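This is entry.tsv. It holds TSV, C-alpha atoms.
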```
chain	number	residue	atom	x	y	z
A	22	MET	CA	11.65	24.84	111.34
A	23	SER	CA	13.26	22.45	113.79
A	24	ARG	CA	12.53	22.52	117.50
A	25	LYS	CA	14.95	24.86	119.23
A	26	PRO	CA	14.55	25.43	122.97
A	27	SER	CA	15.90	28.45	124.76
A	28	THR	CA	19.49	27.96	125.91
A	29	SER	CA	18.57	29.33	129.34
A	30	ARG	CA	16.00	26.64	130.04
A	31	ALA	CA	16.67	25.24	133.50
A	32	GLN	CA	17.29	21.58	134.11
A	33	THR	CA	14.72	19.89	136.34
A	34	PRO	CA	16.07	20.04	139.93
A	35	ARG	CA	16.89	16.75	141.57
A	36	TRP	CA	17.14	16.09	145.28
A	37	THR	CA	18.90	13.50	147.39
A	38	ARG	CA	17.21	11.16	149.85
A	39	GLY	CA	17.98	7.76	151.30
A	40	GLY	CA	17.44	5.35	154.15
A	41	ALA	CA	17.40	7.52	157.29
A	42	THR	CA	18.45	6.59	160.80
A	43	ILE	CA	18.85	8.50	164.09
A	44	GLU	CA	22.34	8.22	165.60
A	45	ASP	CA	23.29	10.21	168.73
A	46	GLY	CA	20.93	13.04	167.80
A	47	TRP	CA	21.96	13.09	164.12
A	48	ILE	CA	19.65	12.32	161.20
A	49	VAL	CA	21.81	10.18	158.91
A	50	LEU	CA	21.03	9.29	155.29
A	51	ARG	CA	22.60	6.29	153.58
A	52	ASP	CA	21.85	4.35	150.40
A	53	LEU	CA	21.46	7.69	148.67
A	54	GLU	CA	19.35	8.20	145.57
A	55	SER	CA	18.54	11.20	143.40
A	56	TYR	CA	14.89	11.99	142.66
A	57	PRO	CA	12.75	14.70	141.04
A	58	MET	CA	10.23	16.27	143.40
A	59	ASP	CA	6.53	16.15	142.58
A	60	PRO	CA	5.67	19.80	141.86
A	61	GLY	CA	2.10	19.33	143.05
A	62	PRO	CA	1.20	17.65	146.36
A	63	ASP	CA	4.79	17.48	147.62
A	64	LEU	CA	5.31	21.23	147.47
A	65	ILE	CA	2.02	21.97	149.21
A	66	ASP	CA	2.31	19.33	151.92
A	67	MET	CA	5.97	19.71	152.88
A	68	PRO	CA	5.67	22.88	155.04
A	69	PHE	CA	2.93	21.26	157.12
A	70	ALA	CA	4.76	17.94	157.30
A	71	LEU	CA	7.91	19.63	158.62
A	72	ALA	CA	6.02	21.89	161.05
A	73	GLY	CA	4.18	18.85	162.41
A	74	ILE	CA	7.35	16.97	163.39
A	75	ARG	CA	7.50	16.44	167.15
A	76	SER	CA	10.18	13.78	167.57
A	77	PRO	CA	13.39	12.50	165.97
A	78	ALA	CA	11.46	9.48	164.72
A	79	GLU	CA	9.09	11.73	162.76
A	80	ALA	CA	12.10	13.66	161.41
A	81	ARG	CA	13.63	10.37	160.26
A	82	ALA	CA	10.46	9.53	158.31
A	83	PHE	CA	10.44	13.00	156.71
A	84	ALA	CA	14.12	12.72	155.73
A	85	SER	CA	13.59	9.28	154.22
A	86	ARG	CA	10.89	10.69	151.96
A	87	TYR	CA	12.33	14.09	151.06
A	88	GLY	CA	15.95	14.37	152.23
A	89	LEU	CA	17.86	16.71	154.55
A	90	LEU	CA	16.95	20.36	155.01
A	91	ARG	CA	20.23	21.97	153.95
A	92	GLU	CA	21.19	19.51	151.23
A	93	ARG	CA	21.58	21.54	148.05
A	94	VAL	CA	19.92	20.80	144.72
A	95	SER	CA	21.93	18.43	142.54
A	96	PRO	CA	22.35	18.92	138.76
A	97	ARG	CA	23.21	15.24	138.40
A	98	SER	CA	20.69	12.74	137.10
A	99	SER	CA	21.76	10.22	139.71
A	100	VAL	CA	23.95	9.86	142.77
A	101	ASP	CA	27.31	8.79	141.39
A	102	VAL	CA	30.49	7.29	142.84
A	103	GLU	CA	31.84	10.72	143.75
A	104	SER	CA	28.93	11.34	146.12
A	105	PRO	CA	29.48	10.91	149.85
A	106	ALA	CA	28.52	7.59	151.38
A	107	GLU	CA	26.23	9.36	153.85
A	108	LEU	CA	24.73	12.74	154.70
A	109	ARG	CA	23.80	13.97	158.16
A	110	GLU	CA	22.17	16.88	160.01
A	111	HIS	CA	21.71	17.38	163.74
A	112	TYR	CA	18.10	17.21	164.88
A	113	ARG	CA	18.29	19.56	167.88
A	114	THR	CA	20.55	22.28	166.46
A	115	LEU	CA	19.20	22.42	162.89
A	116	TRP	CA	15.80	20.76	162.60
A	117	GLN	CA	14.14	21.96	165.80
A	118	PRO	CA	14.83	25.70	165.19
A	119	GLU	CA	13.41	25.47	161.67
A	120	ILE	CA	10.37	23.56	162.89
A	121	GLY	CA	9.86	26.26	165.51
A	122	ARG	CA	10.09	29.06	162.93
A	123	LEU	CA	7.60	27.36	160.61
A	124	LEU	CA	5.22	26.85	163.53
A	125	ALA	CA	5.55	30.53	164.48
A	126	VAL	CA	4.65	31.64	160.95
A	127	MET	CA	1.67	29.31	160.73
A	128	ASN	CA	0.36	30.14	164.21
A	129	LEU	CA	0.62	33.88	163.57
A	130	TYR	CA	-1.15	33.49	160.24
A	131	VAL	CA	-4.01	31.42	161.65
A	132	ASP	CA	-4.40	33.60	164.75
A	133	ILE	CA	-4.66	36.87	162.82
A	134	GLN	CA	-7.27	35.32	160.51
A	135	LEU	CA	-9.23	34.18	163.56
A	136	ALA	CA	-8.85	37.62	165.15
A	137	LEU	CA	-10.12	39.35	162.00
A	138	ALA	CA	-13.10	36.99	162.06
A	139	GLY	CA	-13.97	38.14	165.60
A	140	ASP	CA	-12.18	35.62	167.82
A	141	VAL	CA	-11.34	37.68	170.90
A	142	THR	CA	-9.09	35.01	172.43
A	143	SER	CA	-6.85	34.96	169.35
A	144	GLU	CA	-6.80	38.76	169.21
A	145	ASN	CA	-5.73	39.07	172.84
A	146	ALA	CA	-3.05	36.42	172.40
A	147	LEU	CA	-1.62	38.33	169.45
A	148	ARG	CA	-1.65	41.61	171.34
A	149	GLU	CA	0.46	40.03	174.06
A	150	HIS	CA	2.81	38.48	171.50
A	151	ILE	CA	3.37	41.43	169.15
A	152	ILE	CA	5.57	43.60	171.36
A	153	GLU	CA	6.66	45.78	168.42
A	154	LEU	CA	3.26	47.50	168.47
A	155	ASP	CA	3.54	50.04	171.28
A	156	HIS	CA	-0.17	50.80	171.64
A	157	PRO	CA	-2.13	47.94	170.08
A	158	ASN	CA	-5.47	49.09	171.47
A	159	GLU	CA	-4.96	52.59	170.09
A	160	TYR	CA	-4.23	51.32	166.59
A	161	GLY	CA	-7.04	48.79	166.67
A	162	LEU	CA	-7.36	45.51	164.83
A	163	ARG	CA	-5.83	46.78	161.59
A	164	GLY	CA	-2.74	47.92	163.42
A	165	LEU	CA	-2.47	44.50	165.01
A	166	GLN	CA	-2.86	42.91	161.58
A	167	LEU	CA	-0.06	45.05	160.14
A	168	ALA	CA	2.29	44.23	163.01
A	169	THR	CA	1.50	40.51	162.68
A	170	TYR	CA	2.10	40.58	158.94
A	171	GLY	CA	5.40	42.34	159.54
A	172	LEU	CA	6.57	39.54	161.83
A	173	ILE	CA	5.36	36.87	159.39
A	174	ALA	CA	7.32	38.55	156.59
A	175	GLU	CA	10.45	38.69	158.75
A	176	LEU	CA	10.25	35.00	159.62
A	177	LEU	CA	9.55	33.93	156.04
A	178	ASN	CA	12.48	35.95	154.72
A	179	GLU	CA	14.80	34.37	157.31
A	180	GLY	CA	13.82	30.95	156.00
A	181	ARG	CA	14.13	31.94	152.32
A	182	VAL	CA	17.84	32.80	152.40
A	183	ASP	CA	18.56	30.08	149.81
A	184	VAL	CA	15.82	31.28	147.44
A	185	THR	CA	17.00	33.30	144.44
A	186	ASN	CA	15.20	35.09	141.62
A	187	GLU	CA	16.59	35.01	138.09
A	188	VAL	CA	15.52	36.52	134.79
A	189	ARG	CA	15.39	33.97	131.98
A	190	ALA	CA	14.41	33.88	128.32
A	191	PHE	CA	11.67	31.49	127.23
A	192	GLY	CA	10.22	30.44	123.89
A	193	MET	CA	10.77	27.93	121.11
A	194	THR	CA	9.60	27.13	117.60
A	195	GLU	CA	8.62	23.70	116.34
A	196	ARG	CA	7.64	22.43	112.88
A	197	GLY	CA	3.88	22.17	112.43
A	198	GLU	CA	3.01	23.97	115.65
A	199	ASP	CA	2.28	27.53	116.63
A	200	ILE	CA	5.26	29.67	117.43
A	201	THR	CA	5.65	30.50	121.10
A	202	VAL	CA	6.60	34.15	121.36
A	203	PRO	CA	9.96	34.52	123.08
A	204	HIS	CA	9.69	36.39	126.35
A	205	LEU	CA	11.52	37.22	129.55
A	206	ALA	CA	10.28	36.16	132.96
A	207	TYR	CA	11.32	36.00	136.59
A	208	VAL	CA	12.01	32.47	137.79
A	209	THR	CA	12.35	31.50	141.43
A	210	ARG	CA	15.01	28.93	142.28
A	211	SER	CA	15.14	27.18	145.63
A	212	ASN	CA	18.66	25.90	146.22
A	213	THR	CA	18.01	23.75	149.31
A	214	LEU	CA	15.12	21.61	150.47
A	215	LEU	CA	14.47	24.07	153.29
A	216	ALA	CA	14.23	26.90	150.76
A	217	VAL	CA	11.64	24.87	148.80
A	218	ILE	CA	9.57	24.56	151.96
A	219	TYR	CA	9.69	28.26	152.82
A	220	GLN	CA	9.01	29.26	149.22
A	221	SER	CA	5.98	26.97	149.14
A	222	LEU	CA	4.66	28.42	152.40
A	223	SER	CA	5.31	31.97	151.14
A	224	ASP	CA	3.30	31.25	147.98
A	225	LEU	CA	0.40	29.85	149.99
A	226	ILE	CA	0.29	32.89	152.28
A	227	VAL	CA	1.32	35.78	150.03
A	228	ILE	CA	0.07	34.82	146.56
A	229	GLU	CA	-2.76	32.34	147.10
A	230	ARG	CA	-3.84	33.65	150.53
A	231	ARG	CA	-5.01	30.18	151.45
A	232	GLU	CA	-6.95	29.56	154.63
A	233	MET	CA	-5.20	27.51	157.32
A	234	ARG	CA	-6.74	26.00	160.45
A	235	TYR	CA	-5.88	24.35	163.73
A	236	CYS	CA	-6.76	20.66	163.87
A	237	GLU	CA	-9.47	20.18	166.51
A	238	ASP	CA	-7.74	17.03	167.76
A	239	CYS	CA	-3.94	17.51	167.70
A	240	ALA	CA	-3.86	21.33	167.27
A	241	ARG	CA	-1.46	21.12	164.32
A	242	VAL	CA	-1.92	23.73	161.59
A	243	PHE	CA	-3.21	22.24	158.34
A	244	LEU	CA	-4.44	23.31	154.91
A	245	PRO	CA	-8.12	22.37	154.59
A	246	ARG	CA	-9.17	20.71	151.33
A	247	THR	CA	-12.85	21.56	151.93
A	248	GLY	CA	-14.66	24.33	153.75
A	249	LYS	CA	-15.93	21.95	156.44
A	250	GLN	CA	-12.69	20.10	157.19
A	251	ARG	CA	-11.89	20.30	160.91
A	252	PHE	CA	-9.12	17.71	161.28
A	253	CYS	CA	-5.70	17.48	159.67
A	254	ASN	CA	-6.04	13.79	158.80
A	255	ASP	CA	-8.29	10.74	159.15
A	256	THR	CA	-6.48	9.56	162.28
A	257	CYS	CA	-7.38	12.71	164.21
A	258	ALA	CA	-10.98	12.58	162.97
A	259	SER	CA	-11.33	8.92	164.01
A	260	ARG	CA	-9.75	9.56	167.42
A	261	THR	CA	-12.16	12.42	168.11
A	262	ARG	CA	-15.16	10.31	167.11
A	263	TYR	CA	-13.95	7.51	169.37
A	264	HIS	CA	-13.56	9.80	172.38
A	265	ARG	CA	-16.96	11.40	171.78
A	266	ASN	CA	-18.68	8.03	171.50
A	267	ALA	CA	-16.92	6.86	174.67
A	268	GLN	CA	-18.05	10.03	176.48
A	269	ARG	CA	-21.66	9.48	175.37
A	270	GLN	CA	-21.54	5.91	176.65
A	271	ARG	CA	-20.20	7.06	180.01
A	272	GLU	CA	-22.89	9.74	180.28
A	273	SER	CA	-25.56	7.23	179.31
A	274	ALA	CA	-24.31	4.75	181.90
A	275	ALA	CA	-24.18	7.49	184.54
A	276	GLY	CA	-27.80	8.40	183.73
A	277	ILE	CA	-28.90	4.81	184.14
A	278	ASP	CA	-27.09	4.50	187.46
A	279	ALA	CA	-28.68	7.71	188.72
A	280	ALA	CA	-32.13	6.39	187.75
A	281	ASP	CA	-31.47	3.17	189.70
A	282	VAL	CA	-30.55	5.19	192.77
A	283	ARG	CA	-33.78	7.21	192.57
A	284	ASP	CA	-35.81	4.05	192.23
```

Show how you would write the structure in this file as structure tokens.
Amino acid sequence: MSRKPSTSRAQTPRWTRGGATIEDGWIVLRDLESYPMDPGPDLIDMPFALAGIRSPAEARAFASRYGLLRERVSPRSSVDVESPAELREHYRTLWQPEIGRLLAVMNLYVDIQLALAGDVTSENALREHIIELDHPNEYGLRGLQLATYGLIAELLNEGRVDVTNEVRAFGMTERGEDITVPHLAYVTRSNTLLAVIYQSLSDLIVIERREMRYCEDCARVFLPRTGKQRFCNDTCASRTRYHRNAQRQRESAAGIDAADVRD
């Protein structure tokens, strides 16, 4: 029997990126190209990369690599002559609010995990922040957890407005191979780059329940690769080691000077 794929099989999404510049507060893409996104590291790293942006220059670097936030998925295999010469989004009015919402989700998620682990400072900060809970002390830590999860869900759903769920048929037969049983399944489609980011973050929090941490140097939220990882990247780890070594040298020099005075 010849190979016959399901007619509902989705085409691999392609996204648009290009050389990015900052012009009067706008992130502008030119020299556009279409590319398939890496379904592995890219999907995991993008929420943290976007949430870590603190300047237009960092937004420009992000856009050069991935594209603009509201640019919709393209069915085309390449950017053709009918495509616009440039794409643009405003940094302050579009990017900063989305960065703020991602940060709010991540901070709430990390703080409630710290509070559940016994961190009183994080628990008190959440109690001040979660105004929807009328009597947080009366309901205890579990009540605080529920209220925090409710706010996280609300923020995630706001960011997932361009995420859709579809039912599709899967299965094919091929000569010389086992027959894959046809079946129906839900498939999630993210129609903008921003939707991809929020869907990825939702999966990490809701399905995988991954641990997230604050970097001990820059305080950005990151996804640890090992149980002992304390910094979001090598730069932060090296900077902390440098400052600690410099502090030890100063303390050592101060001890020598004090000894000289006593003598």

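The space separating CA of Thr213 (chain A) from CA of Ile43 (chain A) comes to 21.3 Å.
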
(request) Find the residues around Glu44 (chain A) up to 12 Å (all atoms listed in the file counted), leave out those fewer than 4 positions away in its own chain, and share them as a count of residues only. (result) 10

(message) Neighbouring residues of Leu147 (chain A) were defined as those with any atom within 12 Å, considering only C-alpha atoms; residues of the same chain fewer than 6 positions away were excluded. Please report them as a ChimeraX atom specification.
(response) /A:125,128-137,140-141,153-154,157-158,162,164-170,172

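Within 6 Å of the point (15.8, 20.1, 154.4), counting only C-alpha atoms, the protein and nucleic acid residues come to Leu89, Leu90, Arg91, Leu214 and Leu215 of chain A.
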
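Distances to Arg35 (chain A) were evaluated for A:Leu64, A:Ala84, A:Val94, A:Val242 using all atoms listed in the file, and the minimum falls at A:Val94.
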
(message) One decimal, in Å: what's the spacing between CA of Ser221 (chain A) and CA of Val184 (chain A)?
(response) 10.9 Å

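Separating CA of Phe69 (chain A) from CA of Phe243 (chain A) is a distance of 6.3 Å.
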